[in-house]
Each structure stands twice: as C-alpha cells, then as structure tokens.
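Peer 1: What follows is the file final.cif, containing mmCIF, C-alpha atoms:
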```cif
data_entry
loop_
_atom_site.group_PDB
_atom_site.id
_atom_site.type_symbol
_atom_site.label_atom_id
_atom_site.label_comp_id
_atom_site.auth_asym_id
_atom_site.auth_seq_id
_atom_site.Cartn_x
_atom_site.Cartn_y
_atom_site.Cartn_z
ATOM 1 C CA MET A 1 -6.242 -28.171 9.678
ATOM 2 C CA LEU A 2 -7.678 -25.760 12.199
ATOM 3 C CA VAL A 3 -8.001 -22.159 11.165
ATOM 4 C CA TYR A 4 -8.600 -19.551 13.802
ATOM 5 C CA HIS A 5 -11.225 -17.073 12.632
ATOM 6 C CA LEU A 6 -10.478 -14.367 15.127
ATOM 7 C CA ASN A 7 -12.871 -11.821 13.677
ATOM 8 C CA GLU A 8 -15.933 -13.793 14.697
ATOM 9 C CA ILE A 9 -16.289 -11.974 17.987
ATOM 10 C CA TRP A 10 -17.251 -8.654 16.463
ATOM 11 C CA PRO A 11 -20.817 -7.888 15.430
ATOM 12 C CA LEU A 12 -20.702 -6.538 11.903
ATOM 13 C CA SER A 13 -23.309 -4.239 10.441
ATOM 14 C CA PHE A 14 -22.851 -5.734 6.986
ATOM 15 C CA PRO A 15 -22.671 -9.352 5.805
ATOM 16 C CA ARG A 16 -19.274 -10.822 4.989
ATOM 17 C CA LYS A 17 -18.680 -13.242 2.181
ATOM 18 C CA ARG A 18 -15.678 -14.737 3.978
ATOM 19 C CA CYS A 19 -13.940 -14.649 7.321
ATOM 20 C CA ASP A 20 -10.450 -13.314 7.763
ATOM 21 C CA GLU A 21 -8.114 -16.091 8.780
ATOM 22 C CA LEU A 22 -5.469 -14.777 11.135
ATOM 23 C CA LEU A 23 -3.731 -17.968 12.251
ATOM 24 C CA SER A 24 -3.767 -21.707 11.654
ATOM 25 C CA ASP A 25 -2.309 -24.706 13.424
ATOM 26 C CA SER A 26 0.498 -24.681 10.834
ATOM 27 C CA PHE A 27 2.137 -22.004 12.981
ATOM 28 C CA PRO A 28 2.990 -23.178 16.502
ATOM 29 C CA TYR A 29 2.176 -20.649 19.193
ATOM 30 C CA LYS A 30 2.958 -20.156 22.846
ATOM 31 C CA GLU A 31 0.327 -18.990 25.303
ATOM 32 C CA ILE A 32 1.474 -16.041 27.384
ATOM 33 C CA GLU A 33 -0.199 -13.814 29.959
ATOM 34 C CA ASN A 34 -2.339 -16.667 31.332
ATOM 35 C CA GLY A 35 -3.391 -17.752 27.848
ATOM 36 C CA ILE A 36 -4.917 -14.387 26.958
ATOM 37 C CA LEU A 37 -2.239 -13.766 24.309
ATOM 38 C CA TRP A 38 -0.815 -16.159 21.779
ATOM 39 C CA GLU A 39 2.755 -15.474 20.725
ATOM 40 C CA VAL A 40 3.775 -16.728 17.282
ATOM 41 C CA GLU A 41 7.225 -16.461 15.732
ATOM 42 C CA GLY A 42 7.177 -15.213 12.151
ATOM 43 C CA LYS A 43 9.938 -15.847 9.642
ATOM 44 C CA TRP A 44 11.267 -13.904 6.698
ATOM 45 C CA VAL A 45 10.984 -16.120 3.620
ATOM 46 C CA VAL A 46 11.720 -15.647 -0.076
ATOM 47 C CA LYS A 47 8.649 -15.813 -2.264
ATOM 48 C CA GLY A 48 8.639 -15.784 -6.021
ATOM 49 C CA ALA A 49 11.266 -16.858 -8.523
ATOM 50 C CA LEU A 50 12.588 -20.384 -8.311
ATOM 51 C CA ASP A 51 16.213 -21.316 -8.782
ATOM 52 C CA VAL A 52 16.076 -24.502 -10.820
ATOM 53 C CA ASP A 53 19.381 -26.222 -11.568
ATOM 54 C CA ILE A 54 18.934 -28.423 -14.651
ATOM 55 C CA GLY A 55 22.596 -29.356 -14.747
ATOM 56 C CA ALA A 56 23.447 -27.238 -17.780
ATOM 57 C CA ASN A 57 26.636 -25.192 -17.878
ATOM 58 C CA PRO A 58 25.535 -21.676 -18.929
ATOM 59 C CA SER A 59 29.102 -20.450 -19.487
ATOM 60 C CA ALA A 60 29.761 -23.287 -21.985
ATOM 61 C CA GLU A 61 26.522 -22.444 -23.800
ATOM 62 C CA GLY A 62 27.335 -18.743 -24.096
ATOM 63 C CA GLY A 63 25.181 -17.713 -21.115
ATOM 64 C CA GLY A 64 26.455 -15.239 -18.589
ATOM 65 C CA GLU A 65 25.754 -14.630 -14.963
ATOM 66 C CA ASP A 66 22.622 -12.650 -15.764
ATOM 67 C CA GLU A 67 20.726 -13.642 -18.855
ATOM 68 C CA GLY A 68 18.224 -10.834 -18.505
ATOM 69 C CA VAL A 69 15.765 -12.912 -16.511
ATOM 70 C CA ASP A 70 13.506 -10.721 -14.399
ATOM 71 C CA ASP A 71 13.896 -12.055 -10.877
ATOM 72 C CA GLN A 72 10.529 -11.692 -9.138
ATOM 73 C CA ALA A 73 11.715 -13.012 -5.769
ATOM 74 C CA VAL A 74 10.702 -10.923 -2.773
ATOM 75 C CA LYS A 75 11.262 -11.316 0.959
ATOM 76 C CA VAL A 76 8.045 -11.539 2.968
ATOM 77 C CA VAL A 77 7.083 -12.472 6.507
ATOM 78 C CA ASP A 78 5.374 -15.863 6.346
ATOM 79 C CA ILE A 79 2.431 -15.021 8.639
ATOM 80 C CA ILE A 80 1.715 -11.686 6.951
ATOM 81 C CA ASP A 81 1.868 -13.276 3.514
ATOM 82 C CA THR A 82 -0.048 -16.478 4.346
ATOM 83 C CA PHE A 83 -2.992 -14.688 5.931
ATOM 84 C CA ARG A 84 -2.774 -11.565 3.748
ATOM 85 C CA LEU A 85 -2.565 -9.317 6.786
ATOM 86 C CA GLN A 86 -2.844 -5.599 6.140
ATOM 87 C CA GLU A 87 -0.662 -3.233 8.137
ATOM 88 C CA GLN A 88 -2.481 -0.420 9.891
ATOM 89 C CA PRO A 89 -1.274 2.906 11.262
ATOM 90 C CA PRO A 90 0.114 2.560 14.797
ATOM 91 C CA PHE A 91 -2.077 3.224 17.823
ATOM 92 C CA ASP A 92 -1.125 5.795 20.398
ATOM 93 C CA LYS A 93 -1.854 4.900 24.021
ATOM 94 C CA LYS A 94 -5.337 6.450 23.979
ATOM 95 C CA GLN A 95 -6.332 4.610 20.775
ATOM 96 C CA PHE A 96 -4.912 1.330 22.064
ATOM 97 C CA VAL A 97 -6.815 1.554 25.358
ATOM 98 C CA ALA A 98 -10.020 2.395 23.454
ATOM 99 C CA TYR A 99 -9.492 -0.649 21.203
ATOM 100 C CA ILE A 100 -8.905 -2.960 24.195
ATOM 101 C CA LYS A 101 -12.010 -1.617 25.980
ATOM 102 C CA ARG A 102 -14.104 -2.265 22.857
ATOM 103 C CA TYR A 103 -12.552 -5.726 22.508
ATOM 104 C CA ILE A 104 -13.435 -6.590 26.121
ATOM 105 C CA LYS A 105 -16.960 -5.175 25.775
ATOM 106 C CA ASN A 106 -17.658 -7.151 22.599
ATOM 107 C CA LEU A 107 -16.055 -10.403 23.721
ATOM 108 C CA THR A 108 -17.187 -10.764 27.323
ATOM 109 C CA PRO A 109 -20.894 -11.478 26.604
ATOM 110 C CA LYS A 110 -19.889 -14.265 24.180
ATOM 111 C CA LEU A 111 -18.037 -16.212 26.888
ATOM 112 C CA ASP A 112 -19.586 -18.480 29.509
ATOM 113 C CA GLU A 113 -19.211 -17.505 33.187
ATOM 114 C CA THR A 114 -16.024 -19.527 33.778
ATOM 115 C CA GLN A 115 -14.397 -18.130 30.630
ATOM 116 C CA GLN A 116 -15.469 -14.594 31.578
ATOM 117 C CA GLU A 117 -13.796 -14.905 34.972
ATOM 118 C CA ALA A 118 -10.527 -16.189 33.503
ATOM 119 C CA PHE A 119 -10.627 -13.572 30.735
ATOM 120 C CA LYS A 120 -11.201 -10.684 33.144
ATOM 121 C CA LYS A 121 -8.302 -11.880 35.325
ATOM 122 C CA GLY A 122 -5.898 -12.244 32.400
ATOM 123 C CA VAL A 123 -6.797 -9.379 30.093
ATOM 124 C CA GLU A 124 -5.297 -6.758 32.403
ATOM 125 C CA GLY A 125 -1.896 -8.485 32.285
ATOM 126 C CA ALA A 126 -2.129 -8.888 28.517
ATOM 127 C CA THR A 127 -3.003 -5.208 28.144
ATOM 128 C CA LYS A 128 -0.040 -4.156 30.297
ATOM 129 C CA TYR A 129 2.239 -6.487 28.320
ATOM 130 C CA LEU A 130 1.179 -4.948 25.001
ATOM 131 C CA LEU A 131 1.251 -1.395 26.395
ATOM 132 C CA SER A 132 4.855 -1.922 27.498
ATOM 133 C CA LYS A 133 5.732 -2.634 23.854
ATOM 134 C CA LEU A 134 3.377 -0.100 22.268
ATOM 135 C CA LYS A 135 6.071 2.076 20.678
ATOM 136 C CA ASP A 136 7.597 -1.033 19.044
ATOM 137 C CA LEU A 137 4.380 -2.657 17.829
ATOM 138 C CA GLN A 138 3.152 -2.957 14.274
ATOM 139 C CA PHE A 139 -0.597 -3.419 13.843
ATOM 140 C CA PHE A 140 -2.285 -5.710 11.322
ATOM 141 C CA VAL A 141 -5.834 -6.704 10.427
ATOM 142 C CA GLY A 142 -7.156 -9.375 8.103
ATOM 143 C CA GLU A 143 -7.475 -8.744 4.392
ATOM 144 C CA GLY A 144 -11.123 -7.717 4.808
ATOM 145 C CA MET A 145 -9.767 -4.746 6.792
ATOM 146 C CA HIS A 146 -12.831 -4.651 9.040
ATOM 147 C CA ASP A 147 -12.364 -1.817 11.472
ATOM 148 C CA ASP A 148 -14.227 -3.808 14.094
ATOM 149 C CA GLY A 149 -12.172 -6.987 13.656
ATOM 150 C CA SER A 150 -9.315 -8.421 15.656
ATOM 151 C CA VAL A 151 -5.916 -6.779 15.533
ATOM 152 C CA VAL A 152 -2.660 -8.741 15.248
ATOM 153 C CA PHE A 153 0.333 -7.126 16.934
ATOM 154 C CA ALA A 154 3.939 -7.632 15.788
ATOM 155 C CA TYR A 155 7.292 -6.587 17.222
ATOM 156 C CA TYR A 156 10.946 -7.595 17.114
ATOM 157 C CA LYS A 157 12.450 -9.084 20.267
ATOM 158 C CA ASP A 158 15.863 -7.721 21.288
ATOM 159 C CA GLY A 159 18.364 -8.698 18.603
ATOM 160 C CA ALA A 160 15.834 -10.738 16.608
ATOM 161 C CA THR A 161 15.701 -10.598 12.816
ATOM 162 C CA ASN A 162 12.261 -12.234 12.626
ATOM 163 C CA PRO A 163 9.091 -10.631 13.997
ATOM 164 C CA THR A 164 7.033 -12.004 16.860
ATOM 165 C CA PHE A 165 3.252 -11.759 16.580
ATOM 166 C CA CYS A 166 0.806 -11.430 19.482
ATOM 167 C CA ILE A 167 -2.823 -12.336 19.008
ATOM 168 C CA LEU A 168 -5.730 -12.009 21.426
ATOM 169 C CA PRO A 169 -7.242 -15.447 20.733
ATOM 170 C CA THR A 170 -10.144 -15.668 23.136
ATOM 171 C CA VAL A 171 -12.503 -16.690 20.377
ATOM 172 C CA SER A 172 -13.570 -19.914 18.741
ATOM 173 C CA ARG A 173 -11.606 -22.392 16.676
ATOM 174 C CA ARG A 174 -13.364 -23.461 13.510
ATOM 175 C CA SER A 175 -12.410 -25.736 10.652
ATOM 176 C CA ASN A 176 -11.416 -23.988 7.448
ATOM 177 C CA ALA A 177 -14.673 -25.179 5.870
ATOM 178 C CA GLU A 178 -16.789 -22.995 8.110
ATOM 179 C CA CYS A 179 -17.143 -19.333 8.818
ATOM 180 C CA TRP A 180 -19.400 -18.040 11.569
ATOM 181 C CA GLN A 181 -20.792 -14.628 12.380
ATOM 182 C CA ASP A 182 -22.944 -13.816 15.392
ATOM 183 C CA GLY A 183 -23.453 -17.519 16.066
ATOM 184 C CA LYS A 184 -24.687 -18.256 12.534
ATOM 185 C CA LYS A 185 -22.839 -20.176 9.875
ATOM 186 C CA ILE A 186 -22.242 -17.851 6.909
ATOM 187 C CA SER A 187 -20.089 -20.082 4.692
#
```
Take the structure in this file and express it as structure tokens.

Peer 2:
Amino acid sequence: MLVYHLNEIWPLSFPRKRCDELLSDSFPYKEIENGILWEVEGKWVVKGALDVDIGANPSAEGGGEDEGVDDQAVKVVDIIDTFRLQEQPPFDKKQFVAYIKRYIKNLTPKLDETQQEAFKKGVEGATKYLLSKLKDLQFFVGEGMHDDGSVVFAYYKDGATNPTFCILPTVSRRSNAECWQDGKKIS
C-alpha cells in the first residue's frame, strides 16, 4: 500500500519520530486544477460497538430492548479517523494566502525544473479554487500537529452529506515502511 507522507516537504527544526500520513491509496482521489489538488470523498461511518446477532431471542429470555449495555458507537469521517487528522481554527483570507506563499516557497526548490514549471502554472488555479470556498472550508493537519506541515482542506459540496477533502499533493509517494525528512530516511 502506498502512503502519502505529505509533510515531507517542510523543513523541521526538530526531529520527528514518525511522519504524519495524510492519505493512502485505499482512498481513491481525483486530480483537479491540473493535478495540483487531489479531491477525495470522505464518508461518515459508525465506529465502535458491534451489533452481533447470535440468534437468541432476548424477549423469550427475559431481556428487553435495552439491557443496560453501554453503546460506544460513534459516527466519524473515515479519512479524519483513519489518519487521525486534527482540526485547526479556520484561516481568514490573509492567513490562507500567507500559508500558500510559504507552501510554494518551501516546495518549489524540492522540485525539478519541469515539475517547477507545471507547479507554478497550476498553483494559481488551485489557490483560486480554494479561496472561492474559504468560508466553507475546514482545516486539518496530521496528528503530529506540525505548524509547518501540510494542511488538508474539507468542505461539503452542495447538498452532500459527506465531506470532500482537498489536498495539495505535490510531494513524494513513499511506502508505509519509510519516512523521509529533508531527503534523509528517518524511519
């Protein structure tokens, strides 16, 4: 399985023991804005208590509808739960533009010339796309909550009950057995 370690692009001033995984190939994505953004559909799922039917008839055995069992089931969004994403306060336009500028500044030197050209052409469209949804976006980071890591954006399409996630993926794909920082393997 491929795991996309999207935080690799940022130089960190302290060593990390693990990378934040923000997406894997278990979640199909669609490239939008010339491949600069990946769009992934999340789903609300029930996590927790299992409903196991063993074929017994509780009413015949004196059991009622609720036997006092503490139901620990909770509804979660699969992507948020799987990758332990942490919601962040929303960005205003000024904060968002500052984040994108920092993202571009940190990423561009890590790309070869061809990738840089394509990235520079596409990032403006991706930025405009996200800015047009800014008031509706939720912001998430990986569980390490690195303030210099990649941000995952989520919103609800018109009439949708499940969130859509947008990720700026212009980074490397690594197997889940590796974690890299500044070009060096750290796990």

Peer 1: Using all atoms listed in the file, which of the listed residues (A:Leu111, A:Val46, A:Lys133, A:Glu41) sits closest to Phe96 in chain A?

Peer 2: A:Lys133

Peer 1: Which is closer to Lys93 in chain A than all the others in A:Gln138, A:Thr161, A:Asn106, A:Ser132, using only C-alpha atoms?

Peer 2: A:Ser132

Peer 1: Residues within 9 Å of (-3.1, -4.7, 5.4), file coordinates, counting only C-alpha atoms: what are they? Give the list as a compact mmCIF listing (two decimals) with C-alpha atoms, in the frame of the given file.

Peer 2:
```txt
# COMPACT_ATOMS: atom_id res chain seq x y z
CA ILE A 80 1.72 -11.69 6.95
CA ARG A 84 -2.77 -11.56 3.75
CA LEU A 85 -2.56 -9.32 6.79
CA GLN A 86 -2.84 -5.60 6.14
CA GLU A 87 -0.66 -3.23 8.14
CA GLN A 88 -2.48 -0.42 9.89
CA PHE A 139 -0.60 -3.42 13.84
CA PHE A 140 -2.28 -5.71 11.32
CA VAL A 141 -5.83 -6.70 10.43
CA GLY A 142 -7.16 -9.38 8.10
CA GLU A 143 -7.48 -8.74 4.39
CA GLY A 144 -11.12 -7.72 4.81
CA MET A 145 -9.77 -4.75 6.79
```

Peer 1: Set the distance at 7 Å and use only C-alpha atoms: which residues neighbour range 28-39 of chain A once local chain neighbours fewer than 5 positions away are removed? I'd like the list as a list in words.

Peer 2: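 Contacts, with the query itself left out: Phe119, Gly122, Val123, Gly125, Ala126, Thr164, Phe165, Cys166, Ile167, Leu168, Pro169 and Thr170 of chain A.
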
Peer 1: Take CA of Glu117 in chain A and CA of Arg102 in chain A and report the distance between them in Å, one decimal.

Peer 2: 17.5 Å

Peer 1: Expand the PyMOL selection byres ((chain A and resi 131) around 12) into the individual residues it matches in the shown file, reporting them as a ChimeraX atom specification.

Peer 2: /A:91-97,99-100,123-130,132-137,153

Peer 1: Which value, in Å to one decimal, gives the distance between CA of Lys101 in chain A and CA of Asp158 in chain A?

Peer 2: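 If I compute the distance from CA of Lys101 in chain A to CA of Asp158 in chain A, I get 28.9 Å.
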
Peer 1: Please indicate the distance in Å from CA of Phe83 in chain A to CA of Leu23 in chain A, rounded to one decimal place.

Peer 2: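 Calculated distance between CA of Phe83 in chain A and CA of Leu23 in chain A is 7.2 Å.
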
Peer 1: Taking all atoms of range 116-119 of chain A that the file lists, what box with edges along x, y and z, padded by 8 Å per side, do you get, with centre and edge lengths in Å to one decimal, as AutoDock Vina command-line options?

Peer 2:
```
--center_x -13.0 --center_y -14.9 --center_z 32.9 --size_x 20.9 --size_y 18.6 --size_z 20.2
```
